[in-house]
file query.txt (compact mmCIF, C-alpha atoms)
# COMPACT_ATOMS: atom_id res chain seq x y z
CA MET A 1 25.28 6.44 -21.74
CA GLU A 2 23.68 8.45 -18.94
CA SER A 3 24.36 12.16 -19.30
CA LEU A 4 25.54 12.35 -15.69
CA ALA A 5 27.97 9.49 -16.24
CA VAL A 6 29.46 10.58 -19.56
CA ARG A 7 32.22 12.48 -17.71
CA TRP A 8 33.85 9.15 -16.89
CA LEU A 9 34.59 8.69 -20.59
CA PHE A 10 36.63 11.93 -20.53
CA PRO A 11 38.84 11.85 -17.41
CA GLU A 12 40.13 15.22 -16.26
CA LYS A 13 38.08 17.05 -18.90
CA GLU A 14 35.28 19.45 -18.16
CA ILE A 15 31.97 18.23 -19.55
CA LYS A 16 29.12 20.62 -20.29
CA ILE A 17 25.56 19.37 -20.68
CA ASP A 18 23.14 21.75 -22.37
CA THR A 19 19.61 20.49 -22.35
CA ILE A 20 16.04 21.66 -21.80
CA CYS A 21 13.49 21.03 -19.08
CA LEU A 22 11.07 18.35 -20.28
CA ASP A 23 8.21 20.30 -18.74
CA CYS A 24 8.74 23.88 -19.88
CA GLY A 25 11.45 23.72 -22.52
CA GLU A 26 13.60 26.26 -20.72
CA PRO A 27 17.36 25.61 -20.69
CA ILE A 28 19.30 23.62 -18.11
CA THR A 29 23.07 23.66 -17.95
CA VAL A 30 25.31 21.30 -16.04
CA ARG A 31 29.11 21.41 -15.94
CA MET A 32 31.06 18.56 -14.40
CA LYS A 33 34.63 17.38 -14.15
CA ASP A 34 35.36 13.96 -12.72
CA GLU A 35 33.95 14.01 -9.15
CA ASP A 36 33.08 17.69 -9.17
CA VAL A 37 29.79 19.24 -10.13
CA ILE A 38 31.01 22.69 -11.17
CA GLU A 39 27.73 24.30 -12.15
CA VAL A 40 24.04 23.49 -12.17
CA ASP A 41 21.82 26.16 -13.66
CA PRO A 42 19.21 26.62 -12.34
CA ASP A 43 20.37 25.30 -8.98
CA THR A 44 16.90 23.87 -8.36
CA THR A 45 17.41 21.34 -11.15
CA VAL A 46 16.33 17.81 -10.35
CA GLY A 47 16.67 14.48 -12.08
CA TYR A 48 13.82 12.02 -12.36
CA MET A 49 14.13 8.37 -13.18
CA LEU A 50 10.79 6.99 -14.24
CA SER A 51 12.06 3.46 -14.17
CA PRO A 52 13.19 1.03 -13.01
CA PHE A 53 12.46 0.67 -9.35
CA VAL A 54 8.89 1.48 -8.58
CA GLN A 55 7.31 0.73 -11.90
CA TRP A 56 10.42 -0.82 -13.27
CA ARG A 57 8.45 -3.74 -14.55
CA GLU A 58 6.68 -1.42 -16.97
CA GLY A 59 9.89 0.46 -17.70
CA SER A 60 13.19 -0.45 -19.21
CA GLY A 61 14.65 -2.34 -16.29
CA ALA A 62 17.92 -1.08 -17.63
CA PHE A 63 19.79 -1.07 -14.35
CA ASN A 64 18.40 -4.18 -12.76
CA MET B 1 17.82 10.48 -16.78
CA ASN B 2 15.15 13.13 -17.24
CA LEU B 3 16.17 16.63 -16.16
CA PHE B 4 13.77 19.34 -14.96
CA ARG B 5 14.25 22.86 -13.68
CA SER B 6 12.65 21.97 -10.35
CA GLU B 7 10.54 19.35 -8.59
CA GLU B 8 7.39 21.27 -9.49
CA HIS B 9 8.29 20.92 -13.15
CA VAL B 10 8.62 17.14 -12.77
CA LYS B 11 5.19 16.92 -11.24
CA ARG B 12 3.63 18.84 -14.11
CA TRP B 13 5.20 16.50 -16.66
CA PRO B 14 2.52 14.38 -18.37
CA LEU B 15 4.62 11.23 -17.93
CA TYR B 16 5.22 11.79 -14.21
CA VAL B 17 4.24 8.75 -12.15
CA ARG B 18 3.48 9.54 -8.52
CA ALA B 19 4.48 6.03 -7.45
CA ALA B 20 7.99 6.83 -8.61
CA GLU B 21 8.31 10.05 -6.63
CA ASP B 22 11.26 8.54 -4.72
CA TYR B 23 13.26 9.06 -7.86
CA VAL B 24 12.94 12.81 -8.01
CA MET B 25 16.30 13.92 -6.60
CA PRO B 26 18.54 16.98 -6.79
CA LEU B 27 20.97 16.74 -9.63
CA THR B 28 23.92 16.64 -7.24
CA GLU B 29 22.56 13.47 -5.62
CA TRP B 30 22.09 11.81 -8.98
CA ALA B 31 25.65 12.84 -9.85
CA GLN B 32 26.75 10.96 -6.74
CA VAL B 33 24.83 7.85 -7.82
CA PHE B 34 26.43 8.05 -11.25
CA SER B 35 29.89 8.28 -9.71
CA GLY B 36 29.85 4.61 -8.74
CA PRO B 37 32.08 2.03 -10.41
CA LEU B 38 29.26 0.81 -12.65
CA PHE B 39 29.73 4.06 -14.59
CA ARG B 40 33.18 5.25 -13.62
CA ARG B 41 35.05 2.14 -14.69
CA ARG B 42 33.47 1.56 -18.08
CA LEU B 43 36.79 2.06 -19.84
CA GLU B 44 38.66 -0.47 -17.76
CA PRO B 45 39.56 -3.74 -19.52
CA ASP B 46 38.22 -5.98 -16.74
CA TYR B 47 34.94 -4.08 -16.41
CA LEU B 48 32.75 -7.02 -17.35
CA ASP B 49 34.53 -9.29 -14.88
CA HIS B 50 33.47 -7.00 -12.05
CA SER B 51 30.15 -5.80 -13.38
CA GLU B 52 28.06 -7.79 -10.93
CA GLY B 53 29.80 -6.17 -7.97
CA TYR B 54 29.51 -2.76 -9.60
CA LEU B 55 25.77 -3.28 -10.06
CA ALA B 56 25.42 -4.22 -6.39
CA LYS B 57 27.23 -1.03 -5.43
CA TYR B 58 24.85 0.98 -7.61
CA HIS B 59 21.88 -0.58 -5.82
CA ASP B 60 23.48 0.11 -2.44
CA ASP B 61 24.05 3.75 -3.37
CA LEU B 62 20.42 4.21 -4.33
CA HIS B 63 19.30 2.44 -1.19
CA GLU B 64 21.47 4.68 0.99
CA LEU B 65 19.81 7.73 -0.47
CA GLY B 66 16.67 6.57 1.28
CA LYS B 67 14.71 5.05 -1.52
CA ALA B 68 11.83 3.22 0.11
CA SER B 69 10.21 1.72 -2.98
CA PRO B 70 8.97 -1.85 -2.74
CA PHE B 71 11.82 -3.04 -4.93
CA TRP B 72 14.21 -2.39 -2.04
CA GLN B 73 12.21 -4.24 0.56
CA TYR B 74 13.53 -7.69 -0.33
CA PRO B 75 15.80 -7.81 2.77
CA MET B 76 12.67 -7.86 4.91
CA ILE B 77 11.58 -11.08 3.23
CA GLU B 78 15.12 -12.44 3.16
CA GLU B 79 15.36 -12.07 6.94
CA MET B 80 11.90 -13.49 7.60
CA ASP B 81 12.35 -17.15 8.52
CA SER B 82 9.05 -17.69 10.25
CA LEU B 83 5.91 -15.70 10.74
CA ASP B 84 3.32 -16.06 13.50
CA LEU B 85 0.08 -14.93 11.89
CA ASP B 86 -1.67 -14.54 15.25
CA ARG B 87 0.77 -11.86 16.29
CA TYR B 88 -0.51 -9.57 13.55
CA ARG B 89 -4.21 -10.26 13.90
CA VAL B 90 -6.43 -7.22 14.57
CA VAL B 91 -9.66 -9.19 14.53
CA GLY B 92 -10.75 -12.37 12.76
CA ASN B 93 -8.76 -12.60 9.57
CA TYR B 94 -7.98 -8.89 9.35
CA SER B 95 -4.28 -8.38 10.09
CA ARG B 96 -1.78 -5.54 9.87
CA PHE B 97 1.98 -5.79 9.88
CA ASP B 98 3.16 -2.51 11.38
CA ASP B 99 2.99 -2.39 15.18
CA ARG B 100 1.53 1.07 15.49
CA VAL B 101 -1.22 0.39 12.97
CA LEU B 102 -1.92 -2.98 14.56
CA ASN B 103 -2.32 -1.52 18.03
CA ASP B 104 -4.35 1.49 16.94
CA LEU B 105 -6.79 -0.76 15.11
CA LYS B 106 -6.99 -3.15 18.05
CA ASP B 107 -8.00 -0.17 20.20
CA ALA B 108 -10.62 0.79 17.63
CA ARG B 109 -11.89 -2.79 17.55
CA ASN B 110 -12.19 -2.80 21.36
CA ARG B 111 -14.20 0.40 21.39
CA ILE B 112 -16.61 -0.86 18.74
CA VAL B 113 -16.98 -4.20 20.49
CA ALA B 114 -17.61 -2.47 23.83
CA GLY B 115 -20.38 -0.40 22.25
CA LEU B 116 -22.06 -3.53 20.99
CA ASP B 117 -21.59 -5.48 24.22
CA THR B 118 -23.59 -3.05 26.32
CA ALA B 119 -26.25 -0.56 25.32
CA SER B 120 -24.62 2.60 26.58
CA PRO B 121 -26.50 5.82 27.40
CA HIS B 122 -23.79 7.56 25.37
CA ARG B 123 -23.38 7.68 21.63
CA GLU B 124 -21.24 4.81 20.39
CA ASN B 125 -20.74 6.06 16.85
CA HIS B 126 -17.40 5.93 15.07
CA LEU B 127 -15.69 7.68 12.20
CA ILE B 128 -13.09 5.99 10.01
CA TRP B 129 -10.89 7.55 7.41
CA ALA B 130 -9.49 4.73 5.34
CA ALA B 131 -6.97 4.78 2.53
CA PRO B 132 -8.34 3.21 -0.66
CA GLY B 133 -7.81 -0.54 -0.70
CA SER B 134 -7.00 -0.71 3.01
CA GLY B 135 -9.84 -3.12 3.75
CA LYS B 136 -12.16 -1.01 5.89
CA THR B 137 -15.24 -2.99 4.97
CA TYR B 138 -13.48 -6.24 5.75
CA LEU B 139 -12.31 -4.91 9.11
CA VAL B 140 -15.83 -3.92 10.17
CA GLN B 141 -17.24 -7.22 8.88
CA GLU B 142 -14.68 -9.11 10.91
CA ILE B 143 -15.54 -7.13 14.05
CA ALA B 144 -19.19 -8.08 13.58
CA SER B 145 -18.21 -11.72 13.10
CA VAL B 146 -16.73 -11.76 16.63
CA PHE B 147 -20.32 -11.87 17.90
CA GLY B 148 -21.41 -14.76 15.73
CA GLY B 149 -25.19 -14.61 15.42
CA SER B 150 -25.69 -12.34 18.39
CA CYS B 151 -25.05 -9.13 16.44
CA ASP B 152 -26.61 -7.97 13.17
CA TYR B 153 -24.25 -6.47 10.61
CA VAL B 154 -25.73 -3.96 8.16
CA GLU B 155 -23.74 -2.30 5.41
CA ILE B 156 -25.08 0.81 3.71
CA ASN B 157 -23.05 2.37 0.95
CA LEU B 158 -24.27 5.94 0.78
CA ALA B 159 -22.95 6.38 -2.76
CA LYS B 160 -25.37 3.71 -3.99
CA HIS B 161 -28.44 5.23 -2.41
CA GLY B 162 -30.86 8.02 -3.15
CA PRO B 163 -32.85 9.85 -0.45
CA GLU B 164 -35.68 7.35 -0.16
CA SER B 165 -33.70 4.13 -0.25
CA PHE B 166 -31.21 5.56 2.25
CA ARG B 167 -34.01 6.40 4.67
CA ASP B 168 -35.55 2.95 4.16
CA ALA B 169 -32.22 1.27 4.91
CA LEU B 170 -31.81 3.31 8.09
CA ASN B 171 -35.41 2.64 9.18
CA GLY B 172 -34.57 -1.04 9.06
CA LEU B 173 -32.07 -0.67 11.89
CA SER B 174 -34.53 -0.14 14.72
CA GLY B 175 -36.80 -2.69 16.34
CA ARG B 176 -34.27 -5.51 16.17
CA THR B 177 -33.59 -8.02 18.92
CA ASN B 178 -29.83 -8.08 18.41
CA PRO B 179 -27.50 -5.10 18.65
CA VAL B 180 -26.62 -3.76 15.20
CA LEU B 181 -23.24 -2.82 13.79
CA CYS B 182 -23.98 -0.52 10.86
CA LEU B 183 -21.29 0.53 8.43
CA ILE B 184 -22.20 3.68 6.50
CA ASP B 185 -19.64 3.45 3.75
CA GLU B 186 -18.68 6.38 1.52
CA VAL B 187 -20.22 8.73 4.05
CA ASP B 188 -18.60 11.56 2.11
CA ALA B 189 -20.57 10.77 -1.07
CA HIS B 190 -23.21 12.98 -2.73
CA ASP B 191 -21.24 16.16 -2.05
CA GLY B 192 -23.39 19.22 -2.71
CA THR B 193 -26.68 17.66 -1.64
CA THR B 194 -28.46 18.22 1.66
CA TRP B 195 -30.43 14.99 2.09
CA PRO B 196 -27.65 12.55 3.20
CA TYR B 197 -26.86 14.17 6.54
CA GLU B 198 -30.39 15.47 7.12
CA THR B 199 -31.53 11.88 6.82
CA LEU B 200 -28.70 10.30 8.78
CA MET B 201 -28.50 12.70 11.73
CA PRO B 202 -31.56 11.58 13.76
CA PHE B 203 -30.60 7.93 13.38
CA LEU B 204 -27.24 8.57 15.06
CA ASP B 205 -29.26 9.14 18.26
CA LEU B 206 -31.16 5.84 18.12
CA THR B 207 -29.27 4.30 21.01
CA VAL B 208 -29.22 7.29 23.37
CA GLU B 209 -32.95 7.77 22.81
CA GLY B 210 -33.61 4.09 23.59
CA ARG B 211 -35.05 3.36 20.15
CA GLY B 212 -32.58 0.62 19.37
CA HIS B 213 -29.05 -0.55 19.99
CA VAL B 214 -27.06 0.54 16.96
CA VAL B 215 -23.33 1.23 16.71
CA PHE B 216 -22.66 3.28 13.59
CA VAL B 217 -19.31 3.24 11.82
CA LEU B 218 -19.14 6.08 9.30
CA ALA B 219 -16.34 5.54 6.80
CA GLY B 220 -14.86 7.42 3.89
CA SER B 221 -11.66 8.02 1.95
CA SER B 222 -11.93 11.61 0.76
CA GLY B 223 -9.86 14.59 1.81
CA PHE B 224 -6.53 12.72 1.92
CA SER B 225 -6.74 12.38 5.74
CA LEU B 226 -9.16 12.11 8.65
CA GLU B 227 -8.97 15.86 9.23
CA GLY B 228 -9.44 16.54 5.53
CA MET B 229 -12.53 14.34 5.40
CA LYS B 230 -13.95 15.98 8.53
CA ARG B 231 -13.47 19.41 6.97
CA ARG B 232 -15.39 18.27 3.90
CA ILE B 233 -18.19 16.83 6.01
CA ALA B 234 -18.33 19.95 8.18
CA ALA B 235 -18.68 22.15 5.12
CA ARG B 236 -21.87 20.36 4.07
CA PRO B 237 -25.42 21.08 5.30
CA LYS B 238 -25.92 19.38 8.69
CA GLY B 239 -22.32 18.16 8.47
CA ASN B 240 -21.38 19.66 11.83
CA ASP B 241 -24.47 18.08 13.39
CA VAL B 242 -23.31 14.68 12.16
CA LEU B 243 -19.76 15.23 13.43
CA SER B 244 -21.03 16.32 16.85
CA ARG B 245 -22.59 12.88 17.22
CA LEU B 246 -19.25 11.14 16.73
CA PRO B 247 -17.18 11.14 19.95
CA ALA B 248 -13.64 12.38 19.28
CA GLU B 249 -12.14 9.26 20.87
CA ASN B 250 -14.03 7.16 18.34
CA GLU B 251 -12.20 8.50 15.30
CA PHE B 252 -9.54 6.40 13.67
CA VAL B 253 -7.53 5.95 10.55
CA ILE B 254 -6.86 2.84 8.49
CA PRO B 255 -3.60 3.59 6.66
CA GLU B 256 -2.79 2.27 3.24
CA MET B 257 -1.17 -1.13 2.97
CA SER B 258 2.57 -1.18 3.54
CA PHE B 259 4.95 -3.65 1.94
CA GLY B 260 4.78 -5.70 5.15
CA ASP B 261 0.98 -5.72 4.99
CA ARG B 262 1.10 -7.07 1.45
CA VAL B 263 3.43 -9.85 2.51
CA LEU B 264 1.18 -10.60 5.45
CA ILE B 265 -1.96 -10.72 3.32
CA VAL B 266 -0.38 -13.11 0.86
CA ILE B 267 0.75 -15.42 3.66
CA ALA B 268 -2.59 -15.24 5.48
CA GLN B 269 -4.61 -15.80 2.34
CA MET B 270 -2.47 -18.69 1.15
CA THR B 271 -2.85 -20.31 4.55
CA ARG B 272 -6.58 -19.73 4.46
CA ALA B 273 -6.91 -21.01 0.89
CA GLY B 274 -5.04 -24.14 1.89
CA LEU B 275 -7.45 -24.78 4.74
CA GLU B 276 -10.40 -24.35 2.40
CA LEU B 277 -8.86 -26.94 0.11
CA GLY B 278 -8.31 -29.25 3.04
CA TYR B 279 -4.62 -28.99 3.77
CA GLN B 280 -2.26 -26.84 5.78
CA ILE B 281 0.30 -24.59 4.10
CA ARG B 282 3.41 -24.48 6.26
CA GLY B 283 5.93 -22.75 4.03
CA ILE B 284 6.02 -20.17 1.21
CA GLU B 285 9.03 -19.62 -1.01
CA LYS B 286 10.41 -16.14 -0.37
CA LEU B 287 10.75 -15.28 -4.06
CA GLY B 288 7.00 -15.89 -4.43
CA LEU B 289 6.24 -13.54 -1.56
CA TYR B 290 8.45 -10.92 -3.12
CA PHE B 291 6.70 -11.27 -6.45
CA ALA B 292 3.27 -10.83 -4.88
CA ALA B 293 4.34 -7.94 -2.65
CA VAL B 294 5.85 -5.84 -5.43
CA ASN B 295 3.35 -6.73 -8.14
CA ALA B 296 1.74 -3.46 -9.21
CA LYS B 297 -1.17 -5.36 -10.77
CA LEU B 298 -2.26 -6.69 -7.38
CA VAL B 299 -3.63 -3.40 -6.15
CA ASN B 300 -5.86 -4.26 -3.23
CA ALA B 301 -6.48 -6.92 -0.61
CA ARG B 302 -9.15 -8.64 -2.69
CA GLN B 303 -6.84 -9.09 -5.68
CA LEU B 304 -4.10 -10.41 -3.42
CA GLN B 305 -6.60 -12.84 -1.93
CA GLU B 306 -7.69 -14.19 -5.32
CA PHE B 307 -4.07 -14.43 -6.44
CA ALA B 308 -3.16 -16.39 -3.31
CA ALA B 309 -6.07 -18.79 -3.74
CA ARG B 310 -5.09 -19.55 -7.35
CA ALA B 311 -1.50 -20.22 -6.32
CA VAL B 312 -2.50 -22.61 -3.56
CA SER B 313 -4.76 -24.52 -5.94
CA ARG B 314 -1.61 -25.42 -7.94
CA VAL B 315 0.19 -26.95 -4.96
CA PRO B 316 0.39 -30.75 -5.43
CA ARG B 317 -1.61 -32.66 -2.86
CA GLY B 318 0.67 -33.84 -0.10
CA ASP B 319 2.98 -30.87 -0.32
CA ASP B 320 2.68 -28.18 2.34
CA ARG B 321 4.72 -25.50 0.56
CA VAL B 322 3.79 -22.84 -1.97
CA LYS B 323 6.70 -22.44 -4.36
CA TYR B 324 7.38 -19.55 -6.71
CA ASP B 325 6.38 -21.70 -9.68
CA HIS B 326 2.94 -22.28 -8.18
CA LEU B 327 2.14 -18.62 -8.67
CA PHE B 328 1.98 -19.10 -12.42
CA THR B 329 0.13 -21.25 -14.87
CA PRO B 330 2.58 -23.56 -16.68
CA GLY B 331 4.37 -21.71 -19.48
CA ASP B 332 3.45 -18.25 -18.22
CA PRO B 333 6.32 -16.04 -19.47
CA GLU B 334 5.83 -13.78 -16.45
CA ASN B 335 7.54 -16.43 -14.32
CA LYS B 336 10.85 -16.21 -16.14
CA ARG B 337 10.59 -12.49 -16.84
CA PHE B 338 10.24 -11.55 -13.17
CA TRP B 339 13.10 -13.81 -12.19
CA LEU B 340 15.40 -12.25 -14.78
CA GLU B 341 14.45 -8.78 -13.60
CA VAL B 342 15.17 -9.36 -9.92
CA SER B 343 17.85 -12.03 -10.00
CA SER B 344 20.62 -9.51 -9.47
CA VAL B 345 19.28 -8.58 -6.04
CA ALA B 346 16.94 -11.35 -4.97
CA LYS B 347 18.67 -14.61 -5.77
CA ASP B 348 18.83 -15.56 -2.07
CA LEU B 349 15.05 -15.68 -2.01
CA VAL B 350 15.05 -18.77 -4.22
CA ASN B 351 14.45 -22.13 -2.51
CA SER B 352 14.26 -20.37 0.84
CA PHE B 353 10.95 -20.56 2.69
CA VAL B 354 9.06 -18.58 5.31
CA SER B 355 7.59 -20.99 7.86
CA ILE B 356 4.00 -20.23 8.78
CA GLU B 357 2.93 -20.42 12.38
CA GLU B 358 -0.71 -20.04 13.28
CA ARG B 359 -2.36 -21.19 16.46
CA SER B 360 -5.92 -20.18 15.71
CA ALA B 361 -6.42 -20.75 11.98
CA ARG B 362 -9.91 -19.92 10.76
CA SER B 363 -11.41 -20.91 7.48
call {"tool": "encode", "arguments": {"input": "query.txt", "output": "structure tokens"}}
result
Amino acid sequence: MESLAVRWLFPEKEIKIDTICLDCGEPITVRMKDEDVIEVDPDTTVGYMLSPFVQWREGSGAFN
Amino acid sequence: MNLFRSEEHVKRWPLYVRAAEDYVMPLTEWAQVFSGPLFRRRLEPDYLDHSEGYLAKYHDDLHELGKASPFWQYPMIEEMDSLDLDRYRVVGNYSRFDDRVLNDLKDARNRIVAGLDTASPHRENHLIWAAPGSGKTYLVQEIASVFGGSCDYVEINLAKHGPESFRDALNGLSGRTNPVLCLIDEVDAHDGTTWPYETLMPFLDLTVEGRGHVVFVLAGSSGFSLEGMKRRIAARPKGNDVLSRLPAENEFVIPEMSFGDRVLIVIAQMTRAGLELGYQIRGIEKLGLYFAAVNAKLVNARQLQEFAARAVSRVPRGDDRVKYDHLFTPGDPENKRFWLEVSSVAKDLVNSFVSIEERSARS
């Protein structure tokens, strides 16, 4: 299950994601509750999907 | 989903793929994508009954966020019922899909042709910056072919020459009966040496000094842009002297191939391959065009051309259509694999054909 979608398994509950940046290993924290993104730290955090749409044929194709 | 502290961190990641840069997005935008019913309704008992619609919504959400990757271009093919190849022709068999590119390159063609038509007292030299794989050599060859036998075409790839052979090649341009169109390809090669521009510079004055009728086209791909390439040339010994012999109005850019260009090349090359085999291709199945246009293994125009020719060779005699199946050798698992991958978005491309219109087909 995608980390950003796991909140839908816990309606009305606050979800906290603690992870690390894949580049530098420094922490990233995201708090969400249903529709709301409560906190993103650092606020410059981005997501990157390597597949599937540009090189999806070499990737998982998971969402095609 | 891979999370990074900023976009700069993504781009330092060893697994970062520049072609997928569309999919670097702020976390809040990804959160929006992952709020769709495909994810939100996983706990609902009828989820599987509606999953196809949920998947379509997910694709729509991504599309709305401005993702311009080839995968999303299928509506362009879906809406394309017929295509008039002549409308996109720059010169000969060199075509471009996008209007602005098409018209800019037609202007460039006209200027080069005018320089060859009449020996002008002015310099008729040109500078091209071309994206890799954009077909610059082919474009210049096709311009020369407009003249049939009444113009000599000479191609000199600077990267393949040393000082003496480069001078010999240039010496061969003067004393000819016909006007000469000379492409100096990779004019930005041999960075750090002085001989390329020292050698080239006096030859750029051949025509104005009455020693011949030569139109030079200097072409390169370095520097990421025309201005970038000019800066690199200017920084080299005699580089400014070379640039001063290239009129500013004779500079142009050949952009990289767009999705539309790839579709156009496939159609044009299939039509051409059909003519070479002795029959006219009048229709191409849209799914086949989509496959060729998004295929990352078909990197440049030459590969697309060879791919198109192989496909046409599989068309049964008497048929005038290239079908999706003709793109593959029998039993090639790629056929089924691609279909399974795109069937959720591209099923309307099956058994639907683009009609080819061409008034002035050349073989």
call {"tool": "interface_residues", "arguments": {"input": "query.txt", "of": "chain A", "to": "chain B", "cutoff": "6 Å", "atoms": "only C-alpha atoms", "output": "MDAnalysis selection string"}}
result
chainID A and resid 4:5 8 21 23 44:49 53:54
call {"tool": "closest_residue", "arguments": {"input": "query.txt", "among": "B:Asp81, B:Ser244, B:Ile143, B:Ala234", "to": "Lys106 of chain B", "atoms": "only C-alpha atoms"}}
result
B:Ile143
call {"tool": "atom_distance", "arguments": {"input": "query.txt", "atom1": "atom CA of Leu264 of chain B", "atom2": "atom CA of Glu79 of chain B"}}
result
14.3 Å
call {"tool": "atom_distance", "arguments": {"input": "query.txt", "atom1": "atom CA of Arg282 of chain B", "atom2": "atom CA of Glu357 of chain B"}}
result
7.4 Å
call {"tool": "atom_distance", "arguments": {"input": "query.txt", "atom1": "atom CA of Ser313 of chain B", "atom2": "atom CA of Gly274 of chain B"}}
result
7.8 Å
